[in-house]
>>> print(open('protein-v5.txt').read())   # compact mmCIF, C-alpha atoms and all ligand atoms
# COMPACT_ATOMS: atom_id res chain seq x y z
CA MET K 15 -32.47 -7.27 -2.34
CA ALA K 16 -29.04 -8.77 -2.03
CA ALA K 17 -26.29 -6.79 -3.69
CA ALA K 18 -24.57 -8.82 -6.34
CA VAL K 19 -21.68 -10.58 -4.72
CA ARG K 20 -19.05 -10.13 -7.38
CA VAL K 21 -17.38 -13.40 -7.97
CA SER K 22 -14.02 -12.02 -8.71
CA ARG K 23 -10.81 -13.96 -8.70
CA CYS K 24 -10.29 -13.21 -5.06
CA ALA K 25 -10.22 -16.76 -3.96
CA ARG K 26 -7.09 -18.16 -2.50
CA LEU K 27 -5.12 -18.84 -5.67
CA PRO K 28 -3.58 -22.20 -6.52
CA GLY K 29 -0.69 -22.78 -4.25
CA LYS K 30 1.36 -25.41 -2.51
CA ARG K 31 -0.84 -25.01 0.54
CA GLY K 32 -3.89 -27.28 0.41
CA GLY K 33 -4.50 -27.42 -3.34
CA VAL K 34 -6.94 -25.40 -5.33
CA LEU K 35 -10.53 -24.46 -4.60
CA GLY K 36 -11.85 -24.88 -8.15
CA ALA K 37 -13.67 -21.98 -9.71
CA ALA K 38 -16.82 -24.10 -10.14
CA ALA K 39 -16.77 -25.07 -6.48
CA LEU K 40 -16.22 -21.45 -5.53
CA VAL K 41 -19.15 -20.30 -7.66
CA ALA K 42 -21.34 -22.98 -6.11
CA LEU K 43 -20.18 -21.99 -2.65
CA LEU K 44 -20.84 -18.30 -3.30
CA ALA K 45 -24.17 -19.04 -4.96
CA ALA K 46 -25.15 -20.86 -1.78
CA ALA K 47 -23.83 -17.96 0.25
CA LEU K 48 -25.77 -15.54 -1.96
CA ALA K 49 -28.98 -17.35 -1.07
CA LEU K 50 -28.23 -16.53 2.54
CA TRP K 51 -27.66 -12.80 1.93
CA GLY K 52 -27.94 -10.72 5.07
CA PRO K 53 -26.82 -11.67 8.59
CA PRO K 54 -26.52 -15.37 7.73
CA LEU K 55 -24.40 -14.39 4.73
CA ASP K 56 -22.18 -12.28 6.94
CA ALA K 57 -21.48 -15.40 8.88
CA ALA K 58 -21.05 -17.37 5.68
CA LEU K 59 -18.69 -14.72 4.31
CA ALA K 60 -16.83 -14.55 7.57
CA GLY K 61 -16.50 -18.28 7.34
CA LEU K 62 -15.26 -17.92 3.79
CA VAL K 63 -12.73 -15.33 4.83
CA SER K 64 -11.55 -17.35 7.75
CA ALA K 65 -11.37 -20.28 5.37
CA ARG K 66 -8.79 -18.14 3.57
CA THR K 67 -11.06 -17.53 0.65
CA ALA K 68 -12.68 -14.18 0.12
CA THR K 69 -14.59 -12.41 -2.57
CA MET K 70 -13.34 -8.96 -3.41
CA ASP K 71 -16.52 -7.60 -1.94
CA GLY K 72 -16.13 -9.64 1.22
CA ALA K 73 -12.54 -8.53 1.74
CA LEU K 74 -13.43 -4.90 0.97
CA ARG K 75 -16.30 -5.08 3.45
CA LEU K 76 -13.79 -6.12 6.07
CA ALA K 77 -11.48 -3.27 5.01
CA ARG K 78 -14.38 -0.81 5.42
CA GLY K 79 -14.74 -1.99 9.00
CA LEU K 80 -11.19 -0.86 9.74
CA VAL K 81 -11.90 2.83 9.02
CA PRO K 82 -12.27 4.77 12.30
CA PRO K 83 -15.45 6.87 12.53
CA LEU K 84 -14.98 10.65 12.59
CA ALA K 85 -15.72 11.67 16.17
CA ALA K 86 -16.52 15.01 17.79
CA GLY K 87 -14.21 14.23 20.67
CA SER K 88 -11.27 13.32 18.48
CA HIS K 89 -7.98 15.21 18.63
CA LYS K 90 -5.48 16.12 15.93
CA GLY K 91 -3.27 13.17 15.14
CA ARG K 92 -5.59 10.43 16.36
CA ASP K 93 -6.47 9.40 12.82
CA GLY K 94 -2.90 9.05 11.80
CA ARG K 95 0.51 10.67 11.74
CA VAL K 96 2.19 9.42 8.57
CA ALA K 97 5.74 10.17 7.43
CA VAL K 98 7.11 9.70 3.92
CA VAL K 99 10.85 9.04 3.69
CA GLY K 100 11.92 10.06 0.21
CA GLY K 101 12.50 12.99 -2.12
CA CYS K 102 15.74 13.87 -3.81
CA ARG K 103 17.03 16.32 -6.41
CA GLU K 104 15.45 14.42 -9.31
CA TYR K 105 12.21 13.27 -7.68
CA THR K 106 10.07 15.70 -5.69
CA GLY K 107 6.64 14.75 -7.00
CA ALA K 108 6.62 11.18 -5.65
CA PRO K 109 6.96 12.07 -1.96
CA TYR K 110 4.40 14.82 -2.42
CA PHE K 111 1.91 12.41 -4.02
CA ALA K 112 2.45 9.86 -1.26
CA ALA K 113 2.13 12.37 1.59
CA ILE K 114 -0.87 14.29 0.27
CA SER K 115 -2.60 10.97 -0.49
CA ALA K 116 -2.18 9.91 3.13
CA LEU K 117 -3.80 13.17 4.22
CA LYS K 118 -6.61 12.93 1.67
CA ALA K 119 -7.26 9.31 2.67
CA GLY K 120 -7.79 10.49 6.25
CA ALA K 121 -4.50 10.92 8.11
CA ASP K 122 -4.36 14.03 10.30
CA LEU K 123 -0.68 14.83 9.78
CA ALA K 124 1.77 14.07 6.98
CA HIS K 125 5.52 14.55 7.25
CA VAL K 126 8.13 14.23 4.51
CA PHE K 127 11.76 13.50 5.38
CA CYS K 128 13.71 14.35 2.21
CA ALA K 129 17.04 15.53 0.91
CA ARG K 130 17.72 19.23 1.44
CA GLU K 131 17.58 20.01 -2.27
CA ALA K 132 14.08 18.54 -2.60
CA ALA K 133 12.56 20.36 0.37
CA PRO K 134 11.78 23.79 -1.15
CA ALA K 135 9.91 22.19 -4.06
CA ILE K 136 7.88 19.87 -1.85
CA LYS K 137 7.10 22.65 0.63
CA ALA K 138 5.96 24.77 -2.30
CA TYR K 139 3.58 22.07 -3.51
CA SER K 140 1.55 22.09 -0.31
CA PRO K 141 1.33 23.92 3.01
CA GLU K 142 -0.32 20.82 4.44
CA LEU K 143 2.93 18.85 4.48
CA ILE K 144 5.53 19.11 7.25
CA VAL K 145 8.78 18.83 5.29
CA HIS K 146 12.09 18.00 7.03
CA PRO K 147 15.16 18.63 4.80
CA VAL K 148 17.39 16.17 6.67
CA LEU K 149 17.74 12.94 4.69
CA ASP K 150 21.16 13.75 3.20
CA SER K 151 22.59 15.27 6.38
CA PRO K 152 25.29 13.31 8.29
CA GLY K 153 22.93 12.87 11.26
CA ALA K 154 19.90 11.89 9.17
CA VAL K 155 19.09 8.71 11.12
CA GLY K 156 19.12 10.55 14.43
CA GLU K 157 17.12 13.44 12.99
CA VAL K 158 14.36 11.05 11.87
CA GLU K 159 14.63 8.76 14.90
CA LYS K 160 13.69 11.57 17.29
CA TRP K 161 10.39 11.92 15.43
CA LEU K 162 9.51 8.19 15.47
CA PRO K 163 7.73 8.25 18.87
CA ARG K 164 5.32 10.82 17.37
CA LEU K 165 4.57 8.85 14.19
CA HIS K 166 2.24 5.94 13.44
CA VAL K 167 3.68 4.67 10.15
CA LEU K 168 6.51 5.29 7.68
CA VAL K 169 6.15 5.22 3.89
CA VAL K 170 9.69 4.62 2.70
CA GLY K 171 10.92 5.09 -0.85
CA PRO K 172 8.79 7.40 -2.98
CA GLY K 173 11.24 9.61 -4.86
CA LEU K 174 14.17 8.36 -2.77
CA GLY K 175 16.52 7.75 -5.67
CA ARG K 176 19.54 5.46 -5.38
CA ASP K 177 22.24 7.66 -3.89
CA GLU K 178 24.34 5.44 -1.64
CA GLN K 179 24.41 7.95 1.23
CA LEU K 180 20.65 8.33 1.19
CA LEU K 181 20.19 4.56 1.04
CA ALA K 182 22.54 4.11 4.00
CA SER K 183 20.50 6.61 6.01
CA VAL K 184 17.26 4.89 5.06
CA LYS K 185 18.73 1.56 6.18
CA GLY K 186 19.31 3.05 9.65
CA ILE K 187 15.85 4.60 9.68
CA LEU K 188 14.22 1.27 8.81
CA GLU K 189 16.19 -0.47 11.57
CA ALA K 190 15.11 2.19 14.08
CA ALA K 191 11.47 1.96 12.96
CA ARG K 192 11.48 -1.83 13.25
CA ALA K 193 13.08 -1.64 16.69
CA ARG K 194 10.10 0.51 17.71
CA ASP K 195 7.59 -1.86 16.07
CA LEU K 196 6.52 0.97 13.77
CA PRO K 197 4.56 -0.16 10.68
CA VAL K 198 6.29 0.55 7.37
CA VAL K 199 5.20 0.67 3.74
CA ILE K 200 8.20 0.22 1.42
CA ASP K 201 7.88 1.36 -2.18
CA ALA K 202 9.93 2.51 -5.15
CA ASP K 203 13.63 2.93 -4.38
CA GLY K 204 13.03 1.68 -0.85
CA LEU K 205 12.46 -1.65 -2.59
CA TRP K 206 15.80 -1.25 -4.36
CA LEU K 207 17.36 -1.19 -0.86
CA VAL K 208 15.29 -4.18 0.33
CA ALA K 209 16.30 -6.20 -2.74
CA ARG K 210 19.92 -5.68 -1.74
CA GLN K 211 19.36 -6.23 2.00
CA PRO K 212 16.21 -8.38 2.47
CA ASP K 213 16.99 -8.95 6.16
CA LEU K 214 15.99 -5.35 6.79
CA VAL K 215 12.35 -6.53 6.57
CA ARG K 216 12.53 -10.33 6.76
CA GLY K 217 10.05 -11.62 9.35
CA TYR K 218 8.64 -8.15 10.08
CA ALA K 219 4.84 -8.59 10.03
CA LYS K 220 4.21 -4.83 10.07
CA ALA K 221 6.01 -4.26 6.78
CA VAL K 222 4.18 -4.03 3.44
CA LEU K 223 6.09 -3.99 0.15
CA THR K 224 4.41 -2.43 -2.91
CA PRO K 225 6.45 -3.39 -5.98
CA ASN K 226 5.47 -2.62 -9.54
CA HIS K 227 6.24 -5.01 -12.38
CA VAL K 228 9.95 -4.21 -12.53
CA GLU K 229 10.47 -3.93 -8.78
CA PHE K 230 8.72 -7.27 -8.23
CA ARG K 231 11.03 -9.04 -10.63
CA ARG K 232 14.06 -7.46 -8.95
CA LEU K 233 12.82 -8.61 -5.53
CA ARG K 234 12.07 -12.13 -6.75
CA GLU K 235 15.52 -12.37 -8.33
CA ALA K 236 17.21 -11.12 -5.16
CA VAL K 237 15.18 -13.07 -2.61
CA VAL K 238 14.15 -16.32 -4.32
CA ARG K 239 16.74 -16.28 -7.12
CA ASP K 240 14.00 -16.41 -9.72
CA ASP K 241 12.71 -13.37 -11.58
CA GLY K 242 10.07 -15.45 -13.32
CA GLY K 243 6.48 -15.80 -12.21
CA GLU K 244 4.04 -13.00 -11.71
CA ASP K 245 0.99 -14.92 -10.49
CA GLY K 246 -0.47 -15.28 -7.02
CA GLU K 247 1.83 -18.15 -6.16
CA ALA K 248 4.88 -16.04 -7.08
CA VAL K 249 3.62 -13.26 -4.79
CA ARG K 250 2.82 -15.72 -2.01
CA GLY K 251 6.21 -17.35 -2.41
CA LEU K 252 8.06 -14.04 -2.14
CA SER K 253 6.07 -13.12 0.95
CA GLU K 254 6.78 -16.50 2.50
CA ALA K 255 10.49 -16.25 1.67
CA LEU K 256 10.51 -12.90 3.48
CA GLY K 257 8.94 -14.48 6.55
CA GLY K 258 5.38 -13.28 6.04
CA VAL K 259 6.02 -9.67 5.03
CA THR K 260 2.93 -8.53 3.11
CA VAL K 261 3.67 -8.14 -0.62
CA LEU K 262 1.41 -6.13 -2.93
CA ARG K 263 2.35 -6.66 -6.56
CA LYS K 264 0.81 -3.89 -8.61
CA GLY K 265 -0.35 -4.54 -12.15
CA GLU K 266 -3.39 -5.07 -14.35
CA ARG K 267 -4.65 -7.08 -11.37
CA ASP K 268 -3.10 -6.28 -8.03
CA LEU K 269 -2.03 -9.36 -6.11
CA VAL K 270 -1.60 -9.19 -2.34
CA SER K 271 -0.24 -11.90 -0.07
CA ASP K 272 0.96 -12.38 3.49
CA GLY K 273 2.53 -15.73 2.64
CA ARG K 274 -0.68 -17.56 3.55
CA GLN K 275 -3.61 -15.89 1.77
CA VAL K 276 -3.57 -14.33 -1.69
CA LEU K 277 -6.12 -11.63 -2.53
CA VAL K 278 -6.68 -10.20 -5.98
CA CYS K 279 -7.87 -6.67 -6.58
CA ASP K 280 -9.35 -6.39 -10.05
CA GLN K 281 -11.51 -3.38 -9.32
CA GLU K 282 -11.85 -1.30 -12.46
CA GLY K 283 -9.05 1.26 -12.79
CA SER K 284 -8.06 3.02 -15.99
CA LEU K 285 -5.98 2.57 -19.11
CA ARG K 286 -3.78 5.51 -18.14
CA ARG K 287 -0.30 4.58 -16.89
CA CYS K 288 0.99 8.01 -15.85
CA GLY K 289 3.72 8.22 -13.20
CA GLY K 290 2.75 8.81 -9.59
CA GLN K 291 -0.10 6.30 -9.29
CA GLY K 292 2.04 3.96 -7.20
CA ASP K 293 2.98 6.85 -4.93
CA ILE K 294 -0.70 7.57 -4.33
CA LEU K 295 -1.22 3.91 -3.46
CA ALA K 296 1.76 3.89 -1.06
CA GLY K 297 0.60 7.01 0.76
CA SER K 298 -3.02 5.93 1.16
CA LEU K 299 -1.82 2.49 2.23
CA GLY K 300 0.19 4.14 5.01
CA VAL K 301 -2.90 5.45 6.77
CA LEU K 302 -5.00 2.33 6.05
CA LEU K 303 -2.21 0.18 7.51
CA HIS K 304 -2.21 2.24 10.70
CA TRP K 305 -5.99 1.91 11.01
CA ALA K 306 -5.93 -1.81 10.26
CA LEU K 307 -3.33 -2.55 12.92
CA LEU K 308 -5.19 -0.34 15.40
CA ALA K 309 -8.46 -2.20 14.67
CA GLY K 310 -6.67 -5.51 15.22
CA PRO K 311 -7.43 -9.09 14.13
CA GLN K 312 -10.80 -9.18 15.89
CA LYS K 313 -12.11 -6.94 13.08
CA THR K 314 -10.55 -8.88 10.22
CA ASN K 315 -12.09 -12.32 10.62
CA GLY K 316 -8.80 -14.13 10.42
CA SER K 317 -7.26 -12.15 7.55
CA SER K 318 -4.13 -10.21 8.47
CA PRO K 319 -4.68 -6.47 8.99
CA PRO K 320 -1.86 -5.47 6.60
CA LEU K 321 -3.36 -7.73 3.91
CA LEU K 322 -6.75 -6.01 4.13
CA ALA K 323 -5.18 -2.56 4.33
CA ALA K 324 -3.26 -3.31 1.13
CA LEU K 325 -6.40 -4.50 -0.62
CA GLY K 326 -8.23 -1.35 0.45
CA ALA K 327 -5.43 0.85 -0.89
CA CYS K 328 -5.49 -1.00 -4.21
CA ALA K 329 -9.22 -0.48 -4.58
CA LEU K 330 -8.96 3.19 -3.58
CA THR K 331 -6.14 3.96 -6.01
CA ARG K 332 -7.88 2.22 -8.88
CA ARG K 333 -11.13 4.02 -8.15
CA CYS K 334 -9.26 7.36 -8.23
CA SER K 335 -7.74 6.39 -11.55
CA LEU K 336 -11.14 5.43 -12.95
CA ARG K 337 -12.80 8.67 -11.79
CA ALA K 338 -9.96 10.85 -13.05
CA PHE K 339 -9.86 9.02 -16.40
CA GLN K 340 -13.60 9.51 -16.87
CA LYS K 341 -12.96 13.26 -16.65
CA HIS K 342 -9.55 13.68 -18.25
CA GLY K 343 -8.98 10.63 -20.43
CA ARG K 344 -5.49 10.38 -21.89
CA ALA K 345 -4.54 13.67 -20.18
CA THR K 346 -5.10 12.16 -16.70
CA THR K 347 -2.24 12.87 -14.27
CA ALA K 348 -1.51 11.79 -10.70
CA SER K 349 -2.62 15.25 -9.56
CA ASP K 350 -6.04 14.62 -11.11
CA MET K 351 -6.18 11.36 -9.17
CA VAL K 352 -5.33 13.07 -5.87
CA ALA K 353 -8.34 15.32 -6.45
CA GLU K 354 -10.54 12.19 -6.64
CA LEU K 355 -9.35 10.62 -3.37
CA GLY K 356 -12.16 12.13 -1.28
CA PRO K 357 -15.06 11.03 -3.51
CA ALA K 358 -13.43 7.66 -4.22
CA PHE K 359 -12.89 7.00 -0.51
CA HIS K 360 -16.51 7.92 0.20
CA GLU K 361 -17.79 5.59 -2.54
CA LEU K 362 -15.72 2.64 -1.37
CA PHE K 363 -15.63 2.99 2.41
CA GLU K 364 -18.45 5.26 3.56
CA SER K 365 -21.49 4.93 1.30
N1 LIG Z 401 6.95 12.80 -10.24
C1 LIG Z 401 7.86 12.09 -9.57
O1 LIG Z 401 8.69 12.61 -8.83
C2 LIG Z 401 7.82 10.61 -9.72
C3 LIG Z 401 8.89 9.92 -9.24
N2 LIG Z 401 8.92 8.56 -9.24
C4 LIG Z 401 10.04 7.92 -8.60
O2 LIG Z 401 10.95 7.50 -9.60
C5 LIG Z 401 11.80 6.52 -9.02
C6 LIG Z 401 11.94 5.41 -10.02
O3 LIG Z 401 10.60 4.89 -10.22
P1 LIG Z 401 10.33 3.96 -11.48
O4 LIG Z 401 8.97 3.37 -11.33
O5 LIG Z 401 10.63 4.66 -12.74
O6 LIG Z 401 11.44 2.88 -11.29
P2 LIG Z 401 11.44 1.40 -11.76
O7 LIG Z 401 12.74 0.87 -11.30
O8 LIG Z 401 10.21 0.69 -11.36
O9 LIG Z 401 11.40 1.53 -13.32
C7 LIG Z 401 12.66 1.49 -13.98
C8 LIG Z 401 12.35 1.41 -15.41
O10 LIG Z 401 11.43 0.32 -15.66
C9 LIG Z 401 10.34 0.84 -16.40
N3 LIG Z 401 9.09 0.13 -16.02
C10 LIG Z 401 8.36 0.38 -14.92
N4 LIG Z 401 7.25 -0.39 -14.92
C11 LIG Z 401 7.32 -1.16 -16.04
C12 LIG Z 401 6.47 -2.16 -16.62
N5 LIG Z 401 5.29 -2.51 -16.03
N6 LIG Z 401 6.84 -2.75 -17.77
C13 LIG Z 401 8.00 -2.39 -18.36
N7 LIG Z 401 8.85 -1.44 -17.90
C14 LIG Z 401 8.49 -0.84 -16.75
C15 LIG Z 401 10.24 2.29 -15.97
O11 LIG Z 401 9.58 3.02 -17.00
C16 LIG Z 401 11.67 2.69 -15.85
O12 LIG Z 401 12.19 3.03 -17.13
C17 LIG Z 401 11.14 6.07 -7.71
O13 LIG Z 401 11.77 6.65 -6.59
C18 LIG Z 401 9.74 6.64 -7.84
O14 LIG Z 401 9.13 6.94 -6.59
C19 LIG Z 401 7.82 7.77 -9.75
O15 LIG Z 401 7.06 7.38 -8.64
C20 LIG Z 401 6.95 8.52 -10.73
C21 LIG Z 401 6.65 9.93 -10.32
N1 LIG Z 402 -2.24 -2.59 -16.56
C1 LIG Z 402 -2.90 -1.97 -15.58
N2 LIG Z 402 -4.25 -1.82 -15.63
C2 LIG Z 402 -4.92 -1.21 -14.62
N3 LIG Z 402 -4.33 -0.71 -13.51
C3 LIG Z 402 -3.01 -0.85 -13.42
C4 LIG Z 402 -2.21 -1.48 -14.41
N4 LIG Z 402 -0.91 -1.47 -14.02
C5 LIG Z 402 -0.90 -0.84 -12.83
N5 LIG Z 402 -2.14 -0.47 -12.47
C6 LIG Z 402 -2.54 0.24 -11.26
O1 LIG Z 402 -1.85 1.48 -11.25
C7 LIG Z 402 -1.40 1.79 -9.92
C8 LIG Z 402 0.10 2.01 -9.91
O2 LIG Z 402 0.72 0.87 -10.40
P1 LIG Z 402 2.13 1.05 -11.16
O3 LIG Z 402 2.55 -0.32 -11.59
O4 LIG Z 402 2.02 2.13 -12.17
O5 LIG Z 402 3.03 1.56 -9.95
P2 LIG Z 402 4.41 2.37 -10.07
O6 LIG Z 402 5.14 2.02 -11.30
O7 LIG Z 402 5.08 2.17 -8.76
O8 LIG Z 402 3.87 3.87 -10.15
P3 LIG Z 402 4.77 5.19 -9.85
O9 LIG Z 402 4.90 5.88 -11.17
O10 LIG Z 402 3.98 5.96 -8.86
O11 LIG Z 402 6.07 4.72 -9.31
C9 LIG Z 402 -1.84 0.64 -9.04
O12 LIG Z 402 -3.05 1.02 -8.41
C10 LIG Z 402 -2.13 -0.48 -10.01
O13 LIG Z 402 -3.22 -1.26 -9.55
MG MG Z 403 6.51 3.31 -8.04
>>> encode(input="protein-v5.txt", output="structure tokens")
Amino acid sequence: MAAAVRVSRCARLPGKRGGVLGAAALVALLAAALALWGPPLDAALAGLVSARTATMDGALRLARGLVPPLAAGSHKGRDGRVAVVGGCREYTGAPYFAAISALKAGADLAHVFCAREAAPAIKAYSPELIVHPVLDSPGAVGEVEKWLPRLHVLVVGPGLGRDEQLLASVKGILEAARARDLPVVIDADGLWLVARQPDLVRGYAKAVLTPNHVEFRRLREAVVRDDGGEDGEAVRGLSEALGGVTVLRKGERDLVSDGRQVLVCDQEGSLRRCGGQGDILAGSLGVLLHWALLAGPQKTNGSSPPLLAALGACALTRRCSLRAFQKHGRATTASDMVAELGPAFHELFES
């Protein structure tokens, strides 16, 4: 029996490129595809995806295919060595949430490069994290750079704050990471830096930006001189203006674009808007981005690996929020969501 193919608003959204695939046409197309469920439908869906139109389910199915199987012969680190760059006197929770989420989503190792004052708190939160108290030292860039050959991805910004010295160090770290072709997720105050210096990421296909409502408007204002627009075309336009950097605009519906395609994640989440949810998304995206780039375009049917990784992270974070809210309601916190990462990952990517 064919599973219901959710017709969500995951089609390519209206844009300057090639007009609009009307909702009615899309429904008809998917209804036809539904009739072919099974191997022929895979081909039909693959065709849909390559035609830059994907159902949520179709795109998530592709994201599932990017997850590496657990293997007896594997070695520590193979499934991901993720480093969070962030953590300052005021914010110690955000880098913790991002790093532990990367681990819980399947990375083998999680590092945090933070300011010295933040390190004891973050170390105390979890023995699993390798915490480097170097971000506010004079040689911060060099201290981080020597670790880059042993890392797969950076998650830059959670809990970074806006101290000019820290931001200057992070600028150097981003330049060093890009020079090594290291994938980067940029969130939170890392986006504050990017809004001021967009060339740090412009044209870098292995960068994914994860702005919330406020950060998105700041980026739009800085990059396209327009803080209006919050729809798929606004997200696509920002991505295009940044030379194809993947942009994930978080909100009631998450919108993801690589400047060509726009995907919408409207998986059920929760009504709770506690702090830290974006940090969980950024951390889990870090490991999914590594896996997606490792799997390569042959596994993504024409969609860009960062685009599918971002969609997967959206779905995972929202599923954690839903599961935690079902248990804790209005008292739900980011910590409750971290506890749901394992079951949520299994539901979405392994069952
Ligand atoms: N426990 C922690 O240590 C946490 C630290 N965080 C860090 O705090 C720093 C600042 O993050 P913020 O998200 O507050 O910064 P933003 O610059 O996104 O938010 C600035 C202001 O805009 C408000 N705002 C955010 N989203 C909004 C929306 N949808 N509509 C209207 N107003 C909105 C915020 O409440 C805040 O007052 C970042 O480095 C972030 O990582 C947060 O991630 C939350 C958790
Ligand atoms: N109105 C909403 N309804 C449902 N889910 C939402 C809503 N707004 C945001 N989300 C989801 O919450 C998560 C975090 O988004 P949010 O906009 O809170 O990020 P943030 O402000 O960066 O969070 P953080 O406090 O970690 O910095 C994302 O998974 C997003 O899909
Ligand atoms: Mg945030």
>>> closest_residue(input="protein-v5.txt", among="K:Asn226, K:Ser365, K:Ser183, K:Gln340", to="K:Val261", atoms="only C-alpha atoms")
K:Asn226
>>> residues_near_ligand(input="protein-v5.txt", ligand="ligand LIG 402 (chain Z)", cutoff="9 Å", atoms="only C-alpha atoms and all ligand atoms", output="count of residues only")
48
>>> axis_aligned_box(input="protein-v5.txt", around="stretch 253-266 of chain K", padding_each_side="6 Å", output="JSON")
{"center_x": 3.6, "center_y": -10.2, "center_z": -3.9, "size_x": 25.9, "size_y": 24.6, "size_z": 32.9}
>>> atom_distance(input="protein-v5.txt", atom1="atom CA of K:Cys128", atom2="atom CA of K:Lys90")
23.7 Å
>>> residues_around(input="protein-v5.txt", residues="K:Arg192", least_positions_apart="6", cutoff="12 Å", atoms="all atoms listed in the file", output="PyMOL selection string")
chain K and resi 159+162+167-168+185-186+198-199+213-221
>>> closest_residue(input="protein-v5.txt", among="K:Ala309, K:Val155, K:Leu143, K:Ala193", to="K:Ile114", atoms="only C-alpha atoms")
K:Leu143
>>> atom_distance(input="protein-v5.txt", atom1="atom CA of K:Gly310", atom2="atom CA of K:Gly171")
26.1 Å
>>> closest_residue(input="protein-v5.txt", among="K:Gly204, K:Leu362, K:Arg337, K:Lys313", to="K:Asp350", atoms="all atoms listed in the file")
K:Arg337
>>> atom_distance(input="protein-v5.txt", atom1="atom CA of K:Pro357", atom2="atom CA of K:Ala138")
25.1 Å
>>> residues_around(input="protein-v5.txt", residues="K:Trp206", least_positions_apart="3", cutoff="8 Å", atoms="only C-alpha atoms", output="list in words")
Arg176, Ala202, Asp203, Ala209, Arg210, Glu229 and Arg232 of chain K
>>> write_last_selection(input="protein-v5.txt", atoms="C-alpha atoms", output="compact mmCIF listing (two decimals), in the coordinates of the input")
# COMPACT_ATOMS: atom_id res chain seq x y z
CA ARG K 176 19.54 5.46 -5.38
CA ALA K 202 9.93 2.51 -5.15
CA ASP K 203 13.63 2.93 -4.38
CA ALA K 209 16.30 -6.20 -2.74
CA ARG K 210 19.92 -5.68 -1.74
CA GLU K 229 10.47 -3.93 -8.78
CA ARG K 232 14.06 -7.46 -8.95
